[in-house]
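Working notes, beginning with the structure itself.
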Amino acid sequence: MMQPSPRGVALDVLNAVEERKAYANLQLAHALEGSGLQRLDRGLVSELVLGVLRRQNALDFALDGLLKRPGGVPTDARRLLRLGAYQILYLDRIPDAVACHETVELAKQAGLGRLTSLINGVLRQLVRRRDEIPWPRWEDKPVEHLTVVESHPEWLVRRWLKQFGAERTRAICQVNNQPAAVSLRVNGLRANRDAFLQQLAEAGVEAVPSALHGMGVRLASASAVTRLPGFAEGLFTVQDESSMVVAPVVDPQPGEIVVDACAAPGGKTTHMAERSGDKATIHSWDIHPHKLGLIRENCRRLGIECVQVEAIDARHPAEALRGEVDCLLLDAPCSGLGVLRRKPELRYRISEADLVRLRELQRELLDGAAPLVKPGGVLVYSTCTIEPEENFQQVKDFLQRHPDFGAEDLSPFLPDLDFTEEEKRQSAKGYFQILPHRFQTDGFFVARLRRRS
């Protein structure tokens, strides 16, 4: 059997993402696992897949200027052209001739021999004319610039410009096109951060402490996490730095009853268990039974015993816990517009209609979960989006519907960072929005609400 080429593997993943609506990160991990490729080739596959998805609008803009009938190009040829164009426009280390030749060869292998002359002709023209591409300039056409050059959908660019202003929107779009660092959370039940960093250094893995969490570690380059020292022993788990902020905001104590209402794959469940010294009673719920195994497996590997995993829809939770819960975390399903670095394909999939639908679901989840919280107990709401309707506005509306809840100052629970005045005002009011460009992390939102009566 022939060894698959990195470009062939990348094309398979891009096909699955576009045709079957697969998630790029999961499809990529799955494809690399079975590919038999060496480390450098695996890196190239990731670079090609994520790069083509992150730069799709820009690639199409450059190609459309060279095509006689852009709308008449078959989708499989379009994907091959993007793959070749990405190497020509964004990857300095790949010679242009190699990018053209390999893309044509790939077309033949994929049974698209009829398209080779089109692909060859367009890519060679791109090499010759790349300096003539009329990119929309930021100074003259900010909306078109961010839509084309930074490859974000126009409706989203317009929203963000209104919400965040020009400079912040540009910074968010730019950081969304940067590779996301891999970050790990050291398991406080089994290790401390300094010793773990020492262990990584001895294994030749470059890493630095996270500024956002005392147990967080940021790796200098992407790495097969399961092969890192300490994985099998449960010394760490993978978690983005911004979502490590959540468990300290919940602040679960030994002996307390805690609910993680939308828990899979269990990153925050296990973090809360570690925070409580494995001595709280944590109910970890998810509506999707097939995801519960992930939570159980994470708990088993990390040596956590205080978690009970159940298939429960938090909109209609069991009566048994009504008014009994000390801390409830609702990490709600959301548009994911804070994690476009990791899930670049989401930007072409999410629409404004989705925001309306998700907002309704979040509202139902909040109303379903709130009665579980006992008087004096805490409800923490979090999302990985930066849209106000899913965040501030959602919390504000909840507090109007539930006057027995009030927002609580977040500052004692947040890491010691160099916050802006605006961020300090927010956290004093009980919520904290992390924008992706601030700390080079995922965009994230968290609010802490206490039930008074």
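Ligands are numbered from 1 in the order shown, residues from 1 within each chain, and chains are lettered A, B, ... in the order they appear in the structure tokens.
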
From a DSSP calculation on the backbone, collect every residue of range 147-366 of chain A in strand (DSSP E) and output the set as number ranges by chain. A: 183-186, 207-209, 216-219, 236-238, 257-260, 281-286, 307-311, 325-331

Quick one: residues within 10 Å of Ile282 in chain A, only C-alpha atoms counted, chain neighbours fewer than 4 positions away excluded, as a list in words?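 Within the cut-off, the hits are Pro252, Gly255, Glu256, Ile257, Val258, Val259, Asp260, Thr269, Thr270, Met272, Ala273, Ser276, Asp278, Glu305, Cys306, Val307, Gln308, Val309, Val325, Cys327 and Leu328 of chain A.
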
I need the residue nearest Ala370 in chain A from this list: A:Arg450, A:Arg301, A:Lys343, A:Arg357. Use only C-alpha atoms for the distance.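 Looking at the shortest contact to Ala370 in chain A, the residue is A:Arg450.
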
Within 9 Å of Leu66 in chain A using only C-alpha atoms, minus same-chain residues under 2 positions, as a list in words: Ala62, Leu63, Asp64, Lys68, Pro70, Val122, Gln125 and Leu126 of chain A

Could those selected residues go to a file with N, CA and C atoms, as a compact mmCIF listing (two decimals), in the first residue's frame?
```txt
# COMPACT_ATOMS: atom_id res chain seq x y z
N ALA A 62 -8.23 35.81 -4.79
CA ALA A 62 -7.04 35.77 -5.67
C ALA A 62 -7.30 34.90 -6.89
N LEU A 63 -7.96 33.76 -6.69
CA LEU A 63 -8.22 32.83 -7.80
C LEU A 63 -9.28 33.38 -8.76
N ASP A 64 -10.32 33.99 -8.19
CA ASP A 64 -11.42 34.48 -9.04
C ASP A 64 -10.94 35.52 -10.05
N LYS A 68 -11.84 32.65 -15.89
CA LYS A 68 -12.78 33.28 -16.84
C LYS A 68 -14.19 33.26 -16.27
N PRO A 70 -15.53 32.24 -12.73
CA PRO A 70 -15.32 31.73 -11.37
C PRO A 70 -16.46 30.84 -10.88
N VAL A 122 -4.02 28.03 -14.00
CA VAL A 122 -4.39 29.06 -13.02
C VAL A 122 -3.28 29.26 -11.99
N GLN A 125 -0.33 31.11 -13.46
CA GLN A 125 -0.66 32.55 -13.57
C GLN A 125 -0.55 33.24 -12.22
N LEU A 126 -1.02 32.53 -11.17
CA LEU A 126 -0.98 33.11 -9.81
C LEU A 126 0.47 33.40 -9.40
```

Residues at most 8 Å from Val45 in chain A, counting only C-alpha atoms, excluding those fewer than 5 positions away in the same chain, as a VMD selection string? chain A and resid 6 to 7 9 to 10

Can you spit out the residues from that selection as an mmCIF file, in the first residue's frame, using C-alpha atoms?
```cif
data_model
loop_
_atom_site.group_PDB
_atom_site.id
_atom_site.type_symbol
_atom_site.label_atom_id
_atom_site.label_comp_id
_atom_site.auth_asym_id
_atom_site.auth_seq_id
_atom_site.Cartn_x
_atom_site.Cartn_y
_atom_site.Cartn_z
ATOM 1 C CA PRO A 6 0.654 15.068 3.170
ATOM 2 C CA ARG A 7 -1.228 17.020 0.473
ATOM 3 C CA VAL A 9 -4.339 13.671 3.447
ATOM 4 C CA ALA A 10 -5.012 17.435 3.640
#
```

As a list of chain:residue names, please: the residues near Val250 in chain A (cut-off 7 Å, only C-alpha atoms, same-chain neighbours under 2 positions excluded). A:Val246, A:Ala247, A:Pro248, A:Pro252, A:Cys327, A:Leu329, A:Val380

Take CA of Ala428 in chain A and CA of Glu364 in chain A and report the distance between them in Å, one decimal. 26.5 Å

Would you tabulate, counting only C-alpha atoms, all residues of range 331-380 of chain A that have an atom at most 10 Å from an atom of range 150-165 of chain A, showing the closest pair of atoms and their distance in Å to one decimal, sorted by chain then ascending number, as a Markdown table?
```
| residue | atom | partner | partner_atom | distance |
| --- | --- | --- | --- | --- |
| A:Leu337 | CA | A:Leu156 | CA | 9.5 |
| A:Leu340 | CA | A:His152 | CA | 9.8 |
| A:Pro344 | CA | A:His152 | CA | 9.6 |
| A:Arg347 | CA | A:His152 | CA | 6.5 |
| A:Tyr348 | CA | A:Pro153 | CA | 6.7 |
| A:Arg349 | CA | A:Pro153 | CA | 9.6 |
| A:Ile350 | CA | A:Pro153 | CA | 9.3 |
| A:Ser351 | CA | A:Trp155 | CA | 8.3 |
| A:Glu352 | CA | A:Trp155 | CA | 7.9 |
```

Writer output for current selection, N, CA and C atoms, as a tab-separated table (two decimals), in the first residue's frame:
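Result file follows (selection-v8.tsv):
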```tsv
chain	number	residue	atom	x	y	z
A	337	LEU	N	-18.04	31.59	18.45
A	337	LEU	CA	-17.32	32.63	17.70
A	337	LEU	C	-16.09	33.16	18.44
A	340	LEU	N	-12.57	30.70	16.82
A	340	LEU	CA	-12.35	30.58	15.38
A	340	LEU	C	-10.90	30.24	15.03
A	344	PRO	N	-11.68	26.99	12.38
A	344	PRO	CA	-11.81	28.04	11.36
A	344	PRO	C	-13.05	27.88	10.48
A	347	ARG	N	-16.61	29.90	10.87
A	347	ARG	CA	-16.91	31.24	10.37
A	347	ARG	C	-17.77	31.20	9.11
A	348	TYR	N	-17.68	30.09	8.34
A	348	TYR	CA	-18.49	29.99	7.11
A	348	TYR	C	-19.80	29.24	7.36
A	349	ARG	N	-19.95	28.71	8.57
A	349	ARG	CA	-21.16	27.91	8.86
A	349	ARG	C	-22.19	28.65	9.70
A	350	ILE	N	-21.71	29.51	10.60
A	350	ILE	CA	-22.64	30.19	11.52
A	350	ILE	C	-23.31	31.35	10.81
A	351	SER	N	-24.62	31.50	11.05
A	351	SER	CA	-25.34	32.64	10.47
A	351	SER	C	-26.01	33.41	11.61
A	352	GLU	N	-26.55	34.59	11.29
A	352	GLU	CA	-27.24	35.37	12.32
A	352	GLU	C	-28.45	34.61	12.85
```

Can you list, as a ChimeraX atom specification, all residues belonging to range 189-426 of chain A that DSSP tags as helix (DSSP H, G or I)? /A:193-202,225-227,242-250,267-275,289-302,319-321,346-349,352-372,388-390,392-401,411-413,421-426

I'd like the neighbourhood of Phe392 in chain A as a VMD selection string, where a residue qualifies if any of its atoms comes within 10 Å (using only C-alpha atoms), though same-chain residues fewer than 3 positions away should be ignored. chain A and resid 386 to 389 395 to 398 426 430 to 433 445 to 447

What lies within 10 Å of Ala264 in chain A using only C-alpha atoms, ignoring chain neighbours under 2 positions off, as a ChimeraX atom specification? /A:260-262,266-269,284-296,309,331
